[in-house]
Every structure is written in C-alpha cells, then in structure tokens.
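Undergrad: So here's start-v1.txt (compact mmCIF, N, CA and C atoms).
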# COMPACT_ATOMS: atom_id res chain seq x y z
N GLY A 13 5.12 14.59 11.10
CA GLY A 13 4.77 13.19 10.96
C GLY A 13 4.31 12.88 9.55
N PRO A 14 4.11 11.62 9.27
CA PRO A 14 3.70 11.21 7.93
C PRO A 14 2.26 11.61 7.62
N LYS A 15 2.00 11.87 6.35
CA LYS A 15 0.66 12.24 5.91
C LYS A 15 -0.27 11.03 5.88
N CYS A 16 0.29 9.85 5.58
CA CYS A 16 -0.50 8.62 5.51
C CYS A 16 0.26 7.47 6.16
N LEU A 17 -0.50 6.54 6.73
CA LEU A 17 0.04 5.32 7.33
C LEU A 17 -0.56 4.14 6.60
N ILE A 18 0.31 3.23 6.14
CA ILE A 18 -0.14 1.96 5.59
C ILE A 18 0.49 0.85 6.43
N HIS A 19 -0.09 -0.32 6.37
CA HIS A 19 0.39 -1.43 7.20
C HIS A 19 0.18 -2.74 6.48
N SER A 20 0.67 -3.81 7.06
CA SER A 20 0.48 -5.13 6.47
C SER A 20 -0.81 -5.75 6.98
N TYR A 21 -1.09 -6.95 6.51
CA TYR A 21 -2.31 -7.66 6.91
C TYR A 21 -2.02 -9.14 7.07
N LYS A 22 -2.92 -9.84 7.67
CA LYS A 22 -2.83 -11.28 7.85
C LYS A 22 -4.02 -11.91 7.15
N LEU A 23 -3.76 -12.78 6.18
CA LEU A 23 -4.82 -13.48 5.47
C LEU A 23 -5.37 -14.57 6.38
N ILE A 24 -6.69 -14.62 6.54
CA ILE A 24 -7.29 -15.60 7.44
C ILE A 24 -8.42 -16.36 6.76
N LYS A 25 -8.77 -17.47 7.35
CA LYS A 25 -9.95 -18.24 6.95
C LYS A 25 -11.13 -17.70 7.75
N PRO A 26 -12.36 -17.86 7.26
CA PRO A 26 -13.51 -17.25 7.93
C PRO A 26 -13.76 -17.76 9.35
N ASP A 27 -13.33 -18.97 9.66
CA ASP A 27 -13.64 -19.52 10.97
C ASP A 27 -12.46 -19.50 11.94
N ILE A 28 -11.36 -18.87 11.55
CA ILE A 28 -10.17 -18.83 12.40
C ILE A 28 -9.75 -17.38 12.62
N ILE A 29 -9.66 -16.96 13.86
CA ILE A 29 -9.17 -15.63 14.20
C ILE A 29 -7.82 -15.80 14.91
N PRO A 30 -6.74 -15.45 14.23
CA PRO A 30 -5.42 -15.62 14.86
C PRO A 30 -5.14 -14.53 15.89
N ILE A 31 -4.18 -14.81 16.73
CA ILE A 31 -3.72 -13.82 17.71
C ILE A 31 -2.32 -13.40 17.29
N TYR A 32 -2.09 -12.11 17.23
CA TYR A 32 -0.79 -11.59 16.81
C TYR A 32 -0.15 -10.85 17.98
N ASP A 33 1.08 -11.17 18.25
CA ASP A 33 1.81 -10.58 19.37
C ASP A 33 2.79 -9.53 18.82
N ILE A 34 2.63 -8.27 19.21
CA ILE A 34 3.54 -7.23 18.71
C ILE A 34 4.56 -6.80 19.75
N LYS A 35 4.79 -7.64 20.74
CA LYS A 35 5.76 -7.29 21.79
C LYS A 35 7.16 -7.12 21.24
N SER A 36 7.45 -7.77 20.12
CA SER A 36 8.80 -7.69 19.55
C SER A 36 9.05 -6.36 18.85
N GLY A 37 8.05 -5.52 18.75
CA GLY A 37 8.23 -4.21 18.12
C GLY A 37 7.72 -4.19 16.70
N VAL A 38 7.66 -3.01 16.16
CA VAL A 38 7.15 -2.81 14.81
C VAL A 38 8.24 -2.15 13.98
N ARG A 39 8.56 -2.78 12.87
CA ARG A 39 9.52 -2.16 11.96
C ARG A 39 8.76 -1.25 11.00
N ILE A 40 9.39 -0.14 10.64
CA ILE A 40 8.74 0.83 9.76
C ILE A 40 9.61 1.15 8.56
N MET A 41 8.96 1.60 7.51
CA MET A 41 9.64 2.09 6.32
C MET A 41 9.04 3.45 6.01
N ARG A 42 9.86 4.43 5.81
CA ARG A 42 9.40 5.81 5.60
C ARG A 42 9.22 6.15 4.12
N GLY A 43 8.60 7.30 3.89
CA GLY A 43 8.18 7.73 2.56
C GLY A 43 9.25 7.75 1.49
N LYS A 44 10.43 8.20 1.82
CA LYS A 44 11.47 8.30 0.78
C LYS A 44 11.80 6.94 0.21
N ILE A 45 11.99 5.94 1.05
CA ILE A 45 12.33 4.61 0.55
C ILE A 45 11.13 3.95 -0.13
N LEU A 46 9.91 4.21 0.36
CA LEU A 46 8.71 3.69 -0.31
C LEU A 46 8.60 4.27 -1.72
N TYR A 47 8.85 5.57 -1.83
CA TYR A 47 8.81 6.22 -3.14
C TYR A 47 9.87 5.62 -4.06
N GLU A 48 11.09 5.53 -3.58
CA GLU A 48 12.19 5.05 -4.41
C GLU A 48 11.96 3.62 -4.87
N ARG A 49 11.51 2.75 -3.98
CA ARG A 49 11.28 1.35 -4.36
C ARG A 49 10.13 1.24 -5.36
N THR A 50 9.09 2.04 -5.17
CA THR A 50 7.97 2.02 -6.10
C THR A 50 8.40 2.55 -7.46
N ALA A 51 9.13 3.64 -7.48
CA ALA A 51 9.60 4.23 -8.73
C ALA A 51 10.54 3.28 -9.46
N LEU A 52 11.44 2.65 -8.75
CA LEU A 52 12.37 1.70 -9.39
C LEU A 52 11.62 0.51 -9.95
N LYS A 53 10.63 0.02 -9.23
CA LYS A 53 9.81 -1.09 -9.72
C LYS A 53 9.06 -0.68 -10.98
N ASP A 54 8.51 0.54 -10.99
CA ASP A 54 7.79 1.04 -12.15
C ASP A 54 8.68 1.15 -13.37
N ASN A 55 9.93 1.46 -13.15
CA ASN A 55 10.86 1.69 -14.26
C ASN A 55 11.77 0.48 -14.48
N ASN A 56 11.37 -0.68 -13.96
CA ASN A 56 12.12 -1.92 -14.13
C ASN A 56 13.58 -1.80 -13.72
N ASN A 57 13.84 -0.93 -12.74
CA ASN A 57 15.19 -0.71 -12.22
C ASN A 57 16.18 -0.25 -13.28
N ASN A 58 15.69 0.20 -14.44
CA ASN A 58 16.60 0.57 -15.53
C ASN A 58 17.23 1.94 -15.36
N ASN A 59 16.43 2.91 -14.96
CA ASN A 59 16.93 4.28 -14.91
C ASN A 59 17.71 4.57 -13.64
N GLY A 60 17.38 3.88 -12.57
CA GLY A 60 17.98 4.20 -11.29
C GLY A 60 17.35 5.46 -10.73
N PHE A 61 17.47 5.62 -9.45
CA PHE A 61 16.94 6.81 -8.80
C PHE A 61 18.03 7.85 -8.77
N PRO A 62 17.84 9.13 -9.02
CA PRO A 62 16.61 9.89 -8.96
C PRO A 62 15.86 10.03 -10.28
N ASN A 63 16.32 9.38 -11.37
CA ASN A 63 15.63 9.53 -12.65
C ASN A 63 14.27 8.83 -12.68
N ALA A 64 14.08 7.80 -11.88
CA ALA A 64 12.83 7.06 -11.86
C ALA A 64 11.77 7.84 -11.09
N THR A 65 10.54 7.79 -11.57
CA THR A 65 9.43 8.44 -10.89
C THR A 65 8.28 7.45 -10.72
N VAL A 66 7.44 7.69 -9.72
CA VAL A 66 6.27 6.85 -9.49
C VAL A 66 5.28 7.09 -10.63
N GLN A 67 4.75 6.00 -11.17
CA GLN A 67 3.81 6.07 -12.28
C GLN A 67 2.39 5.83 -11.77
N ILE A 68 1.42 6.50 -12.39
CA ILE A 68 0.01 6.26 -12.10
C ILE A 68 -0.53 5.52 -13.32
N ILE A 69 -0.83 4.23 -13.14
CA ILE A 69 -1.24 3.38 -14.26
C ILE A 69 -2.62 2.80 -13.94
N PRO A 70 -3.69 3.51 -14.27
CA PRO A 70 -5.03 3.06 -13.89
C PRO A 70 -5.41 1.70 -14.48
N GLU A 71 -4.84 1.34 -15.63
CA GLU A 71 -5.20 0.08 -16.27
C GLU A 71 -4.72 -1.12 -15.46
N ASN A 72 -3.68 -0.94 -14.67
CA ASN A 72 -3.12 -2.05 -13.90
C ASN A 72 -3.42 -1.82 -12.43
N ASN A 73 -4.53 -2.37 -11.96
CA ASN A 73 -4.93 -2.10 -10.57
C ASN A 73 -4.17 -2.96 -9.57
N ALA A 74 -3.23 -3.78 -10.04
CA ALA A 74 -2.45 -4.61 -9.12
C ALA A 74 -1.16 -3.90 -8.70
N LEU A 75 -0.86 -2.78 -9.31
CA LEU A 75 0.37 -2.07 -8.97
C LEU A 75 0.16 -1.19 -7.75
N GLY A 76 0.65 -1.65 -6.63
CA GLY A 76 0.53 -0.88 -5.42
C GLY A 76 1.84 -0.21 -5.07
N VAL A 77 2.04 0.06 -3.81
CA VAL A 77 3.27 0.64 -3.31
C VAL A 77 4.26 -0.49 -3.06
N ALA A 78 5.48 -0.33 -3.54
CA ALA A 78 6.50 -1.37 -3.37
C ALA A 78 7.04 -1.32 -1.95
N GLY A 79 6.98 -2.43 -1.27
CA GLY A 79 7.45 -2.50 0.11
C GLY A 79 8.69 -3.37 0.24
N VAL A 80 8.70 -4.15 1.27
CA VAL A 80 9.88 -4.95 1.60
C VAL A 80 9.56 -6.43 1.60
N GLY A 81 8.70 -6.86 0.71
CA GLY A 81 8.35 -8.26 0.65
C GLY A 81 7.21 -8.64 1.57
N LYS A 82 6.76 -7.72 2.40
CA LYS A 82 5.60 -7.98 3.25
C LYS A 82 4.35 -7.45 2.57
N LYS A 83 3.25 -8.07 2.87
CA LYS A 83 1.99 -7.65 2.27
C LYS A 83 1.58 -6.28 2.80
N ILE A 84 1.34 -5.35 1.90
CA ILE A 84 0.85 -4.03 2.26
C ILE A 84 -0.65 -4.00 1.97
N HIS A 85 -1.43 -3.61 2.95
CA HIS A 85 -2.87 -3.50 2.73
C HIS A 85 -3.17 -2.08 2.26
N HIS A 86 -3.37 -1.92 0.96
CA HIS A 86 -3.57 -0.61 0.36
C HIS A 86 -4.93 -0.01 0.69
N GLY A 87 -5.90 -0.86 1.01
CA GLY A 87 -7.27 -0.38 1.23
C GLY A 87 -7.56 0.11 2.64
N HIS A 88 -6.63 -0.07 3.55
CA HIS A 88 -6.86 0.37 4.93
C HIS A 88 -5.86 1.44 5.33
N VAL A 89 -5.73 2.42 4.51
CA VAL A 89 -4.80 3.52 4.75
C VAL A 89 -5.42 4.51 5.74
N SER A 90 -4.58 5.10 6.55
CA SER A 90 -5.00 6.19 7.44
C SER A 90 -4.24 7.44 7.01
N CYS A 91 -4.98 8.49 6.70
CA CYS A 91 -4.36 9.74 6.25
C CYS A 91 -5.01 10.91 7.00
N PHE A 92 -4.26 11.99 7.07
CA PHE A 92 -4.86 13.21 7.58
C PHE A 92 -5.95 13.68 6.62
N LYS A 93 -6.97 14.32 7.16
CA LYS A 93 -8.14 14.74 6.39
C LYS A 93 -7.76 15.59 5.18
N ASP A 94 -6.80 16.50 5.34
CA ASP A 94 -6.45 17.39 4.22
C ASP A 94 -5.90 16.63 3.02
N ILE A 95 -5.35 15.44 3.22
CA ILE A 95 -4.86 14.64 2.09
C ILE A 95 -6.04 14.22 1.22
N PHE A 96 -7.15 13.78 1.85
CA PHE A 96 -8.33 13.35 1.10
C PHE A 96 -9.01 14.53 0.41
N LEU A 97 -8.85 15.72 0.95
CA LEU A 97 -9.42 16.91 0.31
C LEU A 97 -8.58 17.32 -0.90
N GLU A 98 -7.29 17.05 -0.84
CA GLU A 98 -6.38 17.46 -1.91
C GLU A 98 -6.26 16.41 -3.01
N ILE A 99 -6.26 15.15 -2.64
CA ILE A 99 -6.09 14.05 -3.61
C ILE A 99 -7.34 13.19 -3.56
N LYS A 100 -8.05 13.12 -4.65
CA LYS A 100 -9.33 12.41 -4.70
C LYS A 100 -9.14 10.96 -5.14
N GLN A 101 -9.96 10.09 -4.56
CA GLN A 101 -10.00 8.70 -5.00
C GLN A 101 -10.77 8.62 -6.32
N THR A 102 -10.42 7.63 -7.14
CA THR A 102 -11.17 7.41 -8.37
C THR A 102 -12.45 6.66 -8.01
N ASN A 103 -13.35 6.53 -8.97
CA ASN A 103 -14.59 5.80 -8.73
C ASN A 103 -14.51 4.37 -9.27
N ARG A 104 -13.32 3.86 -9.47
CA ARG A 104 -13.12 2.49 -9.94
C ARG A 104 -13.59 1.49 -8.89
N SER A 105 -14.04 0.34 -9.34
CA SER A 105 -14.49 -0.68 -8.39
C SER A 105 -13.32 -1.46 -7.80
N ARG A 106 -12.21 -1.51 -8.49
CA ARG A 106 -11.02 -2.20 -8.00
C ARG A 106 -9.79 -1.34 -8.27
N GLY A 107 -8.82 -1.41 -7.39
CA GLY A 107 -7.54 -0.74 -7.61
C GLY A 107 -7.50 0.72 -7.24
N GLN A 108 -8.63 1.31 -6.84
CA GLN A 108 -8.63 2.73 -6.51
C GLN A 108 -7.75 3.03 -5.32
N ASP A 109 -7.59 2.08 -4.41
CA ASP A 109 -6.74 2.29 -3.24
C ASP A 109 -5.26 2.37 -3.65
N CYS A 110 -4.84 1.49 -4.56
CA CYS A 110 -3.46 1.53 -5.05
C CYS A 110 -3.18 2.83 -5.80
N ILE A 111 -4.12 3.23 -6.64
CA ILE A 111 -3.96 4.47 -7.40
C ILE A 111 -3.86 5.66 -6.45
N PHE A 112 -4.72 5.69 -5.44
CA PHE A 112 -4.70 6.79 -4.47
C PHE A 112 -3.33 6.91 -3.78
N LEU A 113 -2.81 5.79 -3.29
CA LEU A 113 -1.52 5.83 -2.60
C LEU A 113 -0.40 6.24 -3.54
N ARG A 114 -0.44 5.81 -4.77
CA ARG A 114 0.56 6.24 -5.75
C ARG A 114 0.44 7.74 -6.02
N GLN A 115 -0.79 8.25 -6.06
CA GLN A 115 -0.98 9.69 -6.25
C GLN A 115 -0.39 10.47 -5.08
N VAL A 116 -0.55 9.95 -3.86
CA VAL A 116 0.03 10.61 -2.69
C VAL A 116 1.55 10.63 -2.83
N LEU A 117 2.15 9.49 -3.16
CA LEU A 117 3.61 9.45 -3.32
C LEU A 117 4.08 10.40 -4.41
N LYS A 118 3.40 10.37 -5.55
CA LYS A 118 3.81 11.23 -6.67
C LYS A 118 3.64 12.71 -6.34
N HIS A 119 2.54 13.05 -5.67
CA HIS A 119 2.25 14.45 -5.34
C HIS A 119 3.27 15.04 -4.37
N TYR A 120 3.59 14.30 -3.32
CA TYR A 120 4.47 14.82 -2.29
C TYR A 120 5.94 14.46 -2.50
N GLY A 121 6.21 13.50 -3.37
CA GLY A 121 7.59 13.18 -3.73
C GLY A 121 8.32 12.32 -2.71
N PRO A 122 9.61 12.10 -2.99
CA PRO A 122 10.42 11.20 -2.18
C PRO A 122 10.92 11.82 -0.87
N VAL A 123 9.98 12.04 0.05
CA VAL A 123 10.35 12.58 1.36
C VAL A 123 9.72 11.68 2.44
N ASP A 124 10.38 11.61 3.57
CA ASP A 124 9.92 10.73 4.64
C ASP A 124 8.56 11.10 5.20
N SER A 125 8.16 12.36 5.10
CA SER A 125 6.89 12.80 5.68
C SER A 125 5.68 12.47 4.81
N THR A 126 5.89 11.86 3.65
CA THR A 126 4.77 11.52 2.78
C THR A 126 3.95 10.36 3.33
N MET A 127 4.64 9.28 3.69
CA MET A 127 3.94 8.06 4.05
C MET A 127 4.83 7.23 4.94
N ILE A 128 4.22 6.36 5.72
CA ILE A 128 4.98 5.43 6.54
C ILE A 128 4.31 4.06 6.43
N PHE A 129 5.13 3.02 6.33
CA PHE A 129 4.63 1.65 6.29
C PHE A 129 5.02 0.97 7.60
N ALA A 130 4.02 0.54 8.36
CA ALA A 130 4.26 -0.21 9.60
C ALA A 130 4.19 -1.69 9.25
N LYS A 131 5.30 -2.37 9.45
CA LYS A 131 5.40 -3.78 9.08
C LYS A 131 4.80 -4.63 10.20
N VAL A 132 3.49 -4.50 10.36
CA VAL A 132 2.75 -5.27 11.36
C VAL A 132 1.33 -5.45 10.81
N PRO A 133 0.78 -6.67 10.92
CA PRO A 133 -0.57 -6.89 10.38
C PRO A 133 -1.65 -6.30 11.28
N LEU A 134 -2.06 -5.08 10.98
CA LEU A 134 -3.09 -4.42 11.77
C LEU A 134 -4.49 -4.78 11.28
N THR A 135 -4.56 -5.56 10.20
CA THR A 135 -5.84 -5.99 9.63
C THR A 135 -5.81 -7.49 9.40
N TYR A 136 -6.89 -8.15 9.77
CA TYR A 136 -7.10 -9.54 9.36
C TYR A 136 -7.94 -9.48 8.10
N TYR A 137 -7.46 -10.09 7.03
CA TYR A 137 -8.08 -9.94 5.72
C TYR A 137 -8.69 -11.26 5.28
N PHE A 138 -9.97 -11.23 4.99
CA PHE A 138 -10.66 -12.37 4.40
C PHE A 138 -11.20 -11.90 3.06
N PRO A 139 -10.66 -12.40 1.94
CA PRO A 139 -11.05 -11.91 0.61
C PRO A 139 -12.52 -12.19 0.28
N SER A 140 -13.09 -11.29 -0.50
CA SER A 140 -14.46 -11.49 -0.99
C SER A 140 -14.45 -12.57 -2.06
N ASP A 141 -15.63 -12.90 -2.58
CA ASP A 141 -15.72 -13.92 -3.62
C ASP A 141 -15.53 -13.34 -5.03
N ASP A 142 -14.99 -12.14 -5.13
CA ASP A 142 -14.68 -11.54 -6.43
C ASP A 142 -13.72 -12.46 -7.18
N PRO A 143 -13.94 -12.69 -8.48
CA PRO A 143 -13.06 -13.59 -9.24
C PRO A 143 -11.57 -13.19 -9.18
N TYR A 144 -11.30 -11.93 -9.00
CA TYR A 144 -9.91 -11.46 -8.90
C TYR A 144 -9.21 -12.06 -7.68
N ASN A 145 -9.97 -12.41 -6.65
CA ASN A 145 -9.40 -12.91 -5.40
C ASN A 145 -9.13 -14.41 -5.38
N VAL A 146 -9.30 -15.07 -6.51
CA VAL A 146 -9.05 -16.51 -6.56
C VAL A 146 -7.60 -16.83 -6.19
N LYS A 147 -6.70 -15.90 -6.37
CA LYS A 147 -5.28 -16.09 -6.04
C LYS A 147 -5.08 -16.36 -4.54
N TYR A 148 -6.03 -15.97 -3.70
CA TYR A 148 -5.90 -16.17 -2.26
C TYR A 148 -6.35 -17.55 -1.79
N GLU A 149 -6.90 -18.34 -2.68
CA GLU A 149 -7.45 -19.64 -2.28
C GLU A 149 -6.40 -20.69 -1.98
N LYS A 150 -5.16 -20.43 -2.26
CA LYS A 150 -4.08 -21.40 -2.04
C LYS A 150 -3.86 -21.68 -0.58
Show how you would write the structure in this file as structure tokens.
TA:
Amino acid sequence: GPKCLIHSYKLIKPDIIPIYDIKSGVRIMRGKILYERTALKDNNNNNGFPNATVQIIPENNALGVAGVGKKIHHGHVSCFKDIFLEIKQTNRSRGQDCIFLRQVLKHYGPVDSTMIFAKVPLTYYFPSDDPYNVKYEK
C-alpha cells in the first residue's frame, strides 16, 4: 500500500458546516502520476518525463504536489510512522507540509506505493487570519 495518503478539502465559512455525500465513490491518483505531474510542473513541462525530477524549493512554500485540478490538503497527510522517522519536517512556520510531501516523492521516486491522493474532501478547511490566507476571502 501507499506510504502516505493525501486528500482534498472543502473550504467553508465559520458558521456553515456542509454535508458531503461520498456514495458516488472516491477517485484516486497514485504515486507515479503524482510524481510525474509534480516534476513536470517543476520543470515547466520543458524536459518531459523521465528527465524531470521533483524539486525541493524551500523559498516557495506555495509549491505543493501537483494533482488533477482539485484542492489537495497538504497539511492533513496520513503516513506510516516509519516515513516520519526517515523524512523530517522542517521547522518553518508555513509551507513545511508541502516541502515534506515533496521530500517523500523525491525520496521514494515515481512509484505507485509512494503516495495516494483520494479525490474526496475529507477535511473542512476554515483558513486562519494569517495574511497569506487573504486569497481565500473571495
């Protein structure tokens, strides 16, 4: 099975709790395609895969794992314990979750057992008042 599970989220207002119905099933994306899409995005699709590799760019904390146009919640990852023992999170106040997931992809490479993305909002997300989150006010 996959070493880590990531999923999407639903942006909500503080006074509204939506109900989500998953009876229609959950679509998934496996590690190899997550790696390839992230690597191609990092390399501006210029090199093509397999020449493209996932980049770890600490200065840009907005660079997460490239998915399929659905919001990926990088901060609510579920991984086996040994992954956290092998790959350490940074002590950054922002973006450490994106960097961690990129490190997992880079460390284990383009294989399906690295990570899985469940295209279902398993988290309701209400952004903090951090100035970076002003983009969510729309």
Undergrad: Using all atoms listed in the file, which of the listed residues (A:Thr135, A:Thr126, A:Gln115, A:Ser105) sits closest to Tyr21 in chain A?
TA: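 So, comparing all the options, the nearest one is A:Thr135.
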Undergrad: Quick one: everything within 5 Å of range 116-123 of chain A, counting all atoms listed in the file, minus sequence neighbours fewer than 4 positions away in the same chain. Send it as a PDB file with N, CA and C atoms, keeping the file's coordinate frame.
TA:
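The new file out_36.pdb reads:
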ATOM      1  N   GLY A  43       8.600   7.300   3.890  1.00  0.00           N
ATOM      2  CA  GLY A  43       8.180   7.730   2.560  1.00  0.00           C
ATOM      3  C   GLY A  43       9.250   7.750   1.490  1.00  0.00           C
ATOM      4  N   LYS A  44      10.430   8.200   1.820  1.00  0.00           N
ATOM      5  CA  LYS A  44      11.470   8.300   0.780  1.00  0.00           C
ATOM      6  C   LYS A  44      11.800   6.940   0.210  1.00  0.00           C
ATOM      7  N   PHE A 112      -4.720   5.690  -5.440  1.00  0.00           N
ATOM      8  CA  PHE A 112      -4.700   6.790  -4.470  1.00  0.00           C
ATOM      9  C   PHE A 112      -3.330   6.910  -3.780  1.00  0.00           C
TER      10      PHE A 112
END
Undergrad: Can you list, as a PyMOL selection string, every protein, DNA or RNA residue that comes within 5 Å of range 91-93 of chain A when you count all atoms listed in the file, leaving out same-chain residues fewer than 5 positions away?
TA: chain A and resi 15-17
Undergrad: Rounded to one decimal, what separation in Å do you get between atom N of Ser20 in chain A and CA of Arg106 in chain A?
TA: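 Distance between the two atoms: 19.1 Å.
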Undergrad: So, with all atoms listed in the file as the atoms that count, which of A:Arg39, A:Arg104, A:His88, A:Lys53 lies closest to Ile18 in chain A?
TA: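 Among the listed residues, the smallest separation from Ile18 in chain A belongs to A:His88.
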Undergrad: Quote the spacing between atom C of Ile95 in chain A and atom C of Val38 in chain A in Å to one decimal place.
TA: 25.2 Å
Undergrad: Restricting the calculation to only C-alpha atoms: of A:Ile99, A:Leu23, A:Val77, A:Val66, which residue gets closest to Phe129 in chain A?
TA: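 The answer is A:Val77, which sits nearest to Phe129 in chain A.
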Undergrad: For Pro139 in chain A, list every protein, DNA or RNA residue within 7 Å, evaluated using only N, CA and C atoms, and leave out those in the same chain fewer than 2 positions away; present the list as a ChimeraX atom specification.
TA: /A:23-24,137,141-142,145
Undergrad: Pick from A:Met127, A:Gly13, A:Gly87, A:Tyr47: nearest to Cys110 in chain A, with only N, CA and C atoms counted?
TA: A:Gly87
Undergrad: Within 7 Å of Asp109 in chain A, counting all atoms listed in the file, which residues show up once you throw out same-chain ones fewer than 5 positions away? Write them as a ChimeraX atom specification, please.
TA: /A:76,86-87,102,114
Undergrad: How many Å lie between CA of Ile84 in chain A and CA of Asn55 in chain A, rounded to one decimal?
TA: 20.1 Å
